[in-house]
file target05.txt (compact mmCIF, C-alpha atoms)
# COMPACT_ATOMS: atom_id res chain seq x y z
CA MET H 27 159.91 63.30 110.66
CA ALA H 28 159.32 63.11 106.91
CA ARG H 29 159.29 66.22 104.76
CA LYS H 30 156.21 66.92 102.67
CA PRO H 31 156.59 66.71 98.89
CA ALA H 32 157.70 69.84 97.05
CA ARG H 33 154.53 69.89 94.93
CA MET H 34 152.68 71.19 98.00
CA TYR H 35 154.67 74.45 97.91
CA ARG H 36 155.24 74.86 94.15
CA ARG H 37 152.27 77.14 93.41
CA ILE H 38 152.19 80.78 94.44
CA THR H 39 149.19 81.27 96.70
CA GLY H 40 148.38 84.18 98.94
CA PRO H 41 150.43 87.24 99.78
CA ALA H 42 154.15 87.22 100.47
CA TYR H 43 155.12 86.02 103.95
CA THR H 44 158.64 87.31 104.45
CA ARG H 45 158.97 89.25 107.72
CA ARG H 46 161.28 86.97 109.71
CA LYS H 47 161.67 89.68 112.34
CA TYR H 48 158.22 88.90 113.71
CA MET H 49 158.31 85.11 113.53
CA GLY H 50 160.30 82.71 115.60
CA GLY H 51 161.75 79.41 114.54
CA VAL H 52 162.35 79.96 110.83
CA PRO H 53 164.79 77.25 109.68
CA GLY H 54 168.17 78.37 108.42
CA LEU H 55 169.02 78.75 104.76
CA ARG H 56 170.44 75.64 103.09
CA ILE H 57 172.22 77.51 100.31
CA VAL H 58 175.89 77.63 101.26
CA GLN H 59 177.24 79.90 98.50
CA PHE H 60 175.64 82.02 95.82
CA ASP H 61 178.83 82.70 93.79
CA LEU H 62 181.19 79.88 92.77
CA GLY H 63 184.19 79.39 90.52
CA ASN H 64 186.49 82.15 89.31
CA LEU H 65 184.63 85.40 90.01
CA LYS H 66 187.22 87.73 88.48
CA GLY H 67 187.81 85.96 85.17
CA LYS H 68 187.00 87.43 81.76
CA TYR H 69 184.34 85.36 79.98
CA GLN H 70 182.74 85.58 76.55
CA ASN H 71 179.37 83.83 77.12
CA GLU H 72 176.69 83.75 79.76
CA VAL H 73 174.45 80.68 79.87
CA ARG H 74 171.23 81.30 81.83
CA LEU H 75 168.65 78.93 83.29
CA LEU H 76 165.18 80.49 82.81
CA VAL H 77 162.00 79.23 84.47
CA LYS H 78 159.12 78.78 81.99
CA GLU H 79 156.28 79.32 84.50
CA ALA H 80 155.86 81.24 87.74
CA CYS H 81 156.40 79.10 90.83
CA GLN H 82 158.06 78.84 94.22
CA VAL H 83 161.43 77.10 94.47
CA ARG H 84 162.36 75.74 97.90
CA HIS H 85 165.76 76.51 99.34
CA THR H 86 166.64 72.81 99.38
CA ALA H 87 165.90 72.56 95.63
CA LEU H 88 168.06 75.60 94.92
CA GLU H 89 170.93 74.07 96.88
CA ALA H 90 170.55 70.73 95.09
CA ALA H 91 170.56 72.50 91.70
CA ARG H 92 173.63 74.53 92.66
CA ILE H 93 175.52 71.41 93.77
CA ALA H 94 174.61 69.48 90.61
CA ALA H 95 175.71 72.30 88.29
CA ASN H 96 178.88 73.08 90.24
CA ARG H 97 179.97 69.43 90.40
CA HIS H 98 179.64 69.02 86.64
CA LEU H 99 181.45 72.28 85.89
CA HIS H 100 184.24 71.60 88.35
CA ARG H 101 184.83 68.14 86.89
CA PHE H 102 184.67 68.93 83.16
CA VAL H 103 185.57 72.63 82.87
CA GLY H 104 188.00 73.17 85.75
CA ALA H 105 187.78 75.32 88.87
CA GLN H 106 189.23 78.46 87.27
CA ASN H 107 187.30 78.41 83.97
CA TYR H 108 183.74 79.34 85.01
CA HIS H 109 181.62 81.59 87.22
CA LEU H 110 178.36 80.12 88.55
CA LYS H 111 175.88 82.40 90.31
CA VAL H 112 172.50 81.67 91.93
CA LEU H 113 170.34 84.73 91.22
CA VAL H 114 167.26 84.18 93.41
CA PHE H 115 167.08 84.34 97.21
CA PRO H 116 164.48 82.37 99.20
CA HIS H 117 162.65 85.09 101.17
CA GLN H 118 159.22 83.42 101.31
CA VAL H 119 158.65 81.52 104.58
CA LEU H 120 156.67 78.28 104.17
CA ARG H 121 154.28 77.12 106.89
CA GLU H 122 152.83 73.72 107.66
CA ASN H 123 149.97 72.72 109.93
CA LYS H 124 151.20 69.51 111.50
CA VAL H 125 148.36 67.07 112.19
CA ALA H 126 148.87 63.76 113.96
CA VAL H 127 147.82 60.77 111.86
CA GLY H 128 147.24 57.21 112.99
CA ALA H 129 145.51 55.25 115.72
CA GLY H 130 144.61 57.40 118.72
CA ALA H 131 145.46 60.61 116.90
CA ASP H 132 141.98 62.03 117.49
CA ARG H 133 142.81 62.50 121.17
CA VAL H 134 146.09 64.31 120.41
CA SER H 135 145.41 66.34 117.29
CA GLN H 136 143.30 69.47 117.15
CA GLY H 137 142.86 69.28 113.36
CA MET H 138 142.13 72.64 111.72
CA ARG H 139 141.61 74.58 114.93
CA ARG H 140 143.81 77.71 114.81
CA ALA H 141 145.62 76.27 111.77
CA PHE H 142 148.21 78.96 111.13
CA GLY H 143 151.10 76.52 110.96
CA LYS H 144 154.75 76.55 111.91
CA ALA H 145 157.58 77.69 109.69
CA VAL H 146 159.15 74.67 107.98
CA GLY H 147 161.37 76.23 105.32
CA THR H 148 161.85 79.03 102.83
CA ALA H 149 161.27 79.43 99.12
CA ALA H 150 162.07 81.87 96.34
CA ARG H 151 159.16 83.18 94.28
CA VAL H 152 160.14 83.29 90.62
CA ASP H 153 158.25 84.82 87.72
CA ARG H 154 157.82 83.43 84.25
CA ARG H 155 161.03 83.74 82.14
CA GLN H 156 163.08 84.77 85.19
CA ALA H 157 166.69 83.61 85.41
CA VAL H 158 167.38 81.36 88.40
CA MET H 159 171.12 80.94 87.86
CA PHE H 160 173.77 81.62 85.26
CA VAL H 161 177.18 80.28 84.26
CA ARG H 162 179.81 82.46 82.61
CA VAL H 163 182.29 80.57 80.44
CA ASN H 164 184.45 80.99 77.36
CA ASP H 165 183.48 79.68 73.91
CA GLN H 166 185.06 76.23 74.25
CA HIS H 167 183.06 75.39 77.43
CA VAL H 168 179.54 76.43 76.37
CA THR H 169 178.35 72.86 75.79
CA GLN H 170 179.54 71.80 79.25
CA ALA H 171 177.80 74.82 80.81
CA LYS H 172 174.56 73.85 79.04
CA GLU H 173 174.89 70.30 80.37
CA ALA H 174 175.51 71.59 83.89
CA LEU H 175 172.37 73.76 83.78
CA LYS H 176 170.40 70.84 82.34
CA ARG H 177 171.41 68.81 85.40
CA ALA H 178 170.41 71.71 87.66
CA ASN H 179 167.05 71.93 85.88
CA MET H 180 166.24 68.38 86.99
CA LYS H 181 166.35 69.53 90.63
CA LEU H 182 163.88 72.42 90.16
CA PRO H 183 160.07 72.11 90.39
CA ALA H 184 159.21 73.91 87.13
CA PRO H 185 160.23 73.36 83.51
CA CYS H 186 163.17 75.50 82.45
CA SER H 187 164.89 76.67 79.31
CA ILE H 188 168.52 77.55 78.64
CA GLU H 189 169.59 80.79 76.98
CA ILE H 190 173.05 81.79 75.76
CA ILE H 191 173.98 85.46 75.51
CA PRO H 192 177.33 87.22 75.04
CA VAL H 193 178.74 88.82 78.20
CA PRO H 194 178.65 92.62 78.08
CA GLU H 195 182.07 94.18 78.47
call {"tool": "encode", "arguments": {"input": "target05.txt", "output": "structure tokens"}}
result
Amino acid sequence: MARKPARMYRRITGPAYTRRKYMGGVPGLRIVQFDLGNLKGKYQNEVRLLVKEACQVRHTALEAARIAANRHLHRFVGAQNYHLKVLVFPHQVLRENKVAVGAGADRVSQGMRRAFGKAVGTAARVDRRQAVMFVRVNDQHVTQAKEALKRANMKLPAPCSIEIIPVPE
């Protein structure tokens, strides 16, 4: 079964739908790790990926962005020279009303009758100028951290900007 395009879930519509306790069949989270690299190192700079407009980011997009950034950092900076952290958690449960399409589908499908939908995934609701992930590095690796977040930006549904700030001691 084909997944629907991410543009269907990008906009924030309706109230939050997050109470998994009362719903059955919510798919598992695709994000494997939220913290990567050397977590205990001392770093001078924090490079953040900020979303320019409010949107929903699916858990599969967050995982793809994490993998893209981590692969670049691991290859060009080294495993012990950075700390990558995903800051948002996908609480929002996404629903889809599956409708049969094709010849003879009118006998099978009920269309919009009782169209609540089944849970198909999760997403994180992010506000404008909210940080999605950050990389902590030393001065000599800032350009590589910016490139890694630029690659992660390509996996996200909204335009993003990159901000560099010194790490508070």
call {"tool": "atom_distance", "arguments": {"input": "target05.txt", "atom1": "CA of Gly51 (chain H)", "atom2": "CA of Val158 (chain H)"}}
result
26.8 Å
call {"tool": "closest_residue", "arguments": {"input": "target05.txt", "among": "H:Thr86, H:Gln106, H:Asn64, H:Asn71", "to": "Leu182 (chain H)", "atoms": "all atoms listed in the file"}}
result
H:Thr86
call {"tool": "residues_around", "arguments": {"input": "target05.txt", "residues": "Asp165 (chain H)", "least_positions_apart": "6", "cutoff": "10 Å", "atoms": "only C-alpha atoms", "output": "ChimeraX atom specification"}}
result
/H:69-72,192
call {"tool": "atom_distance", "arguments": {"input": "target05.txt", "atom1": "CA of Asn164 (chain H)", "atom2": "CA of Asn179 (chain H)"}}
result
21.4 Å
call {"tool": "closest_residue", "arguments": {"input": "target05.txt", "among": "H:His98, H:Lys30, H:Arg46, H:Arg139", "to": "Glu173 (chain H)", "atoms": "only C-alpha atoms"}}
result
H:His98
call {"tool": "residues_near_point", "arguments": {"input": "target05.txt", "point": "(163.6, 71.1, 92.4)", "cutoff": "9 Å", "atoms": "all atoms listed in the file", "output": "list of chain:residue names"}}
result
H:Ala32, H:Val83, H:Arg84, H:Thr86, H:Ala87, H:Leu88, H:Ala90, H:Ala91, H:Ala178, H:Asn179, H:Met180, H:Lys181, H:Leu182, H:Pro183, H:Ala184
call {"tool": "atom_distance", "arguments": {"input": "target05.txt", "atom1": "CA of Thr169 (chain H)", "atom2": "CA of Ile57 (chain H)"}}
result
25.7 Å
call {"tool": "closest_residue", "arguments": {"input": "target05.txt", "among": "H:Arg37, H:Arg74, H:Arg92, H:His85", "to": "Ala171 (chain H)", "atoms": "all atoms listed in the file"}}
result
H:Arg74
call {"tool": "closest_residue", "arguments": {"input": "target05.txt", "among": "H:Leu120, H:Val193, H:Val114, H:Val52", "to": "Gly40 (chain H)", "atoms": "all atoms listed in the file"}}
result
H:Leu120
call {"tool": "closest_residue", "arguments": {"input": "target05.txt", "among": "H:Gly143, H:Asn96, H:His117, H:Lys124", "to": "Lys176 (chain H)", "atoms": "only C-alpha atoms"}}
result
H:Asn96
call {"tool": "residues_around", "arguments": {"input": "target05.txt", "residues": "Leu99 (chain H)", "least_positions_apart": "3", "cutoff": "10 Å", "atoms": "only C-alpha atoms", "output": "list in words"}}
result
Gly63, Ile93, Ala94, Ala95, Asn96, Phe102, Val103, Gly104, Ala105, Asn107, Tyr108, His109, Leu110, Val161, Val163, His167, Gln170, Ala171, Lys172, Glu173, Ala174 and Leu175 of chain H
call {"tool": "residues_near_point", "arguments": {"input": "target05.txt", "point": "(153.8, 77.3, 103.7)", "cutoff": "10 Å", "atoms": "only C-alpha atoms", "output": "ChimeraX atom specification"}}
result
/H:34-36,39-40,43,118-123,142-149
call {"tool": "axis_aligned_box", "arguments": {"input": "target05.txt", "around": "region 78-81 of chain H", "padding_each_side": "8 Å", "output": "JSON"}}
result
{"center_x": 157.5, "center_y": 80.0, "center_z": 86.4, "size_x": 19.3, "size_y": 18.5, "size_z": 24.8}
call {"tool": "decode", "arguments": {"input": "target05.txt", "residues": "region 64-148 of chain H", "atoms": "C-alpha atoms", "output": "PDB file, in the first residue's frame"}}
result
ATOM      1  CA  ASN H  64      29.603  12.472  22.038  1.00  0.00           C
ATOM      2  CA  LEU H  65      27.070  13.648  24.628  1.00  0.00           C
ATOM      3  CA  LYS H  66      29.592  14.544  27.341  1.00  0.00           C
ATOM      4  CA  GLY H  67      32.059  16.579  25.279  1.00  0.00           C
ATOM      5  CA  LYS H  68      32.779  20.277  25.807  1.00  0.00           C
ATOM      6  CA  TYR H  69      31.771  22.313  22.750  1.00  0.00           C
ATOM      7  CA  GLN H  70      32.059  25.989  21.856  1.00  0.00           C
ATOM      8  CA  ASN H  71      29.238  26.424  19.288  1.00  0.00           C
ATOM      9  CA  GLU H  72      25.676  25.286  18.855  1.00  0.00           C
ATOM     10  CA  VAL H  73      24.289  25.233  15.314  1.00  0.00           C
ATOM     11  CA  ARG H  74      20.471  25.129  15.255  1.00  0.00           C
ATOM     12  CA  LEU H  75      17.997  24.280  12.500  1.00  0.00           C
ATOM     13  CA  LEU H  76      14.997  26.640  12.814  1.00  0.00           C
ATOM     14  CA  VAL H  77      11.711  26.207  10.952  1.00  0.00           C
ATOM     15  CA  LYS H  78      10.566  29.418   9.216  1.00  0.00           C
ATOM     16  CA  GLU H  79       6.811  28.659   9.288  1.00  0.00           C
ATOM     17  CA  ALA H  80       4.500  26.647  11.525  1.00  0.00           C
ATOM     18  CA  CYS H  81       3.838  23.144  10.229  1.00  0.00           C
ATOM     19  CA  GLN H  82       3.627  19.460  11.091  1.00  0.00           C
ATOM     20  CA  VAL H  83       6.692  17.288  10.540  1.00  0.00           C
ATOM     21  CA  ARG H  84       6.052  13.562  10.158  1.00  0.00           C
ATOM     22  CA  HIS H  85       8.095  11.108  12.175  1.00  0.00           C
ATOM     23  CA  THR H  86       9.504   9.588   8.982  1.00  0.00           C
ATOM     24  CA  ALA H  87      10.767  13.019   7.864  1.00  0.00           C
ATOM     25  CA  LEU H  88      12.394  13.612  11.249  1.00  0.00           C
ATOM     26  CA  GLU H  89      14.148  10.260  11.042  1.00  0.00           C
ATOM     27  CA  ALA H  90      15.332  10.946   7.485  1.00  0.00           C
ATOM     28  CA  ALA H  91      16.677  14.364   8.549  1.00  0.00           C
ATOM     29  CA  ARG H  92      18.437  12.833  11.557  1.00  0.00           C
ATOM     30  CA  ILE H  93      20.078  10.149   9.412  1.00  0.00           C
ATOM     31  CA  ALA H  94      21.219  12.651   6.772  1.00  0.00           C
ATOM     32  CA  ALA H  95      22.779  15.002   9.339  1.00  0.00           C
ATOM     33  CA  ASN H  96      24.362  12.219  11.380  1.00  0.00           C
ATOM     34  CA  ARG H  97      25.893  10.514   8.332  1.00  0.00           C
ATOM     35  CA  HIS H  98      27.538  13.749   7.183  1.00  0.00           C
ATOM     36  CA  LEU H  99      28.841  14.592  10.658  1.00  0.00           C
ATOM     37  CA  HIS H 100      30.127  11.086  11.311  1.00  0.00           C
ATOM     38  CA  ARG H 101      31.997  11.044   7.996  1.00  0.00           C
ATOM     39  CA  PHE H 102      33.551  14.533   8.030  1.00  0.00           C
ATOM     40  CA  VAL H 103      33.767  15.503  11.723  1.00  0.00           C
ATOM     41  CA  GLY H 104      34.307  12.169  13.477  1.00  0.00           C
ATOM     42  CA  ALA H 105      32.190  10.250  15.961  1.00  0.00           C
ATOM     43  CA  GLN H 106      33.620  11.934  19.067  1.00  0.00           C
ATOM     44  CA  ASN H 107      33.614  15.562  17.851  1.00  0.00           C
ATOM     45  CA  TYR H 108      29.902  16.477  17.812  1.00  0.00           C
ATOM     46  CA  HIS H 109      26.601  16.175  19.654  1.00  0.00           C
ATOM     47  CA  LEU H 110      23.437  15.992  17.516  1.00  0.00           C
ATOM     48  CA  LYS H 111      20.045  16.235  19.201  1.00  0.00           C
ATOM     49  CA  VAL H 112      16.511  16.083  17.759  1.00  0.00           C
ATOM     50  CA  LEU H 113      14.452  18.527  19.838  1.00  0.00           C
ATOM     51  CA  VAL H 114      10.858  17.813  18.770  1.00  0.00           C
ATOM     52  CA  PHE H 115       8.808  14.705  19.523  1.00  0.00           C
ATOM     53  CA  PRO H 116       5.982  13.530  17.241  1.00  0.00           C
ATOM     54  CA  HIS H 117       2.952  13.448  19.561  1.00  0.00           C
ATOM     55  CA  GLN H 118       0.275  14.300  16.974  1.00  0.00           C
ATOM     56  CA  VAL H 119      -1.468  11.183  15.599  1.00  0.00           C
ATOM     57  CA  LEU H 120      -2.348  11.407  11.890  1.00  0.00           C
ATOM     58  CA  ARG H 121      -5.504   9.766  10.546  1.00  0.00           C
ATOM     59  CA  GLU H 122      -6.480   8.708   7.063  1.00  0.00           C
ATOM     60  CA  ASN H 123      -9.843   7.697   5.645  1.00  0.00           C
ATOM     61  CA  LYS H 124      -8.976   4.876   3.295  1.00  0.00           C
ATOM     62  CA  VAL H 125     -11.272   4.762   0.259  1.00  0.00           C
ATOM     63  CA  ALA H 126     -11.097   2.043  -2.371  1.00  0.00           C
ATOM     64  CA  VAL H 127     -10.395   3.384  -5.858  1.00  0.00           C
ATOM     65  CA  GLY H 128     -10.787   1.610  -9.169  1.00  0.00           C
ATOM     66  CA  ALA H 129     -13.233  -0.573 -11.051  1.00  0.00           C
ATOM     67  CA  GLY H 130     -15.881  -2.101  -8.794  1.00  0.00           C
ATOM     68  CA  ALA H 131     -14.859   0.052  -5.844  1.00  0.00           C
ATOM     69  CA  ASP H 132     -18.374   1.472  -5.477  1.00  0.00           C
ATOM     70  CA  ARG H 133     -19.563  -1.883  -4.144  1.00  0.00           C
ATOM     71  CA  VAL H 134     -16.744  -2.103  -1.580  1.00  0.00           C
ATOM     72  CA  SER H 135     -16.156   1.458  -0.426  1.00  0.00           C
ATOM     73  CA  GLN H 136     -18.471   3.423   1.829  1.00  0.00           C
ATOM     74  CA  GLY H 137     -16.943   6.785   0.851  1.00  0.00           C
ATOM     75  CA  MET H 138     -17.378   9.506   3.476  1.00  0.00           C
ATOM     76  CA  ARG H 139     -19.761   7.573   5.694  1.00  0.00           C
ATOM     77  CA  ARG H 140     -18.413   7.673   9.278  1.00  0.00           C
ATOM     78  CA  ALA H 141     -15.114   9.051   7.952  1.00  0.00           C
ATOM     79  CA  PHE H 142     -13.088   9.300  11.153  1.00  0.00           C
ATOM     80  CA  GLY H 143     -10.095   7.472   9.723  1.00  0.00           C
ATOM     81  CA  LYS H 144      -7.467   5.115  11.041  1.00  0.00           C
ATOM     82  CA  ALA H 145      -4.179   6.130  12.585  1.00  0.00           C
ATOM     83  CA  VAL H 146      -1.442   6.019   9.933  1.00  0.00           C
ATOM     84  CA  GLY H 147       1.464   7.799  11.616  1.00  0.00           C
ATOM     85  CA  THR H 148       2.581  10.556  13.944  1.00  0.00           C
TER      86      THR H 148
END
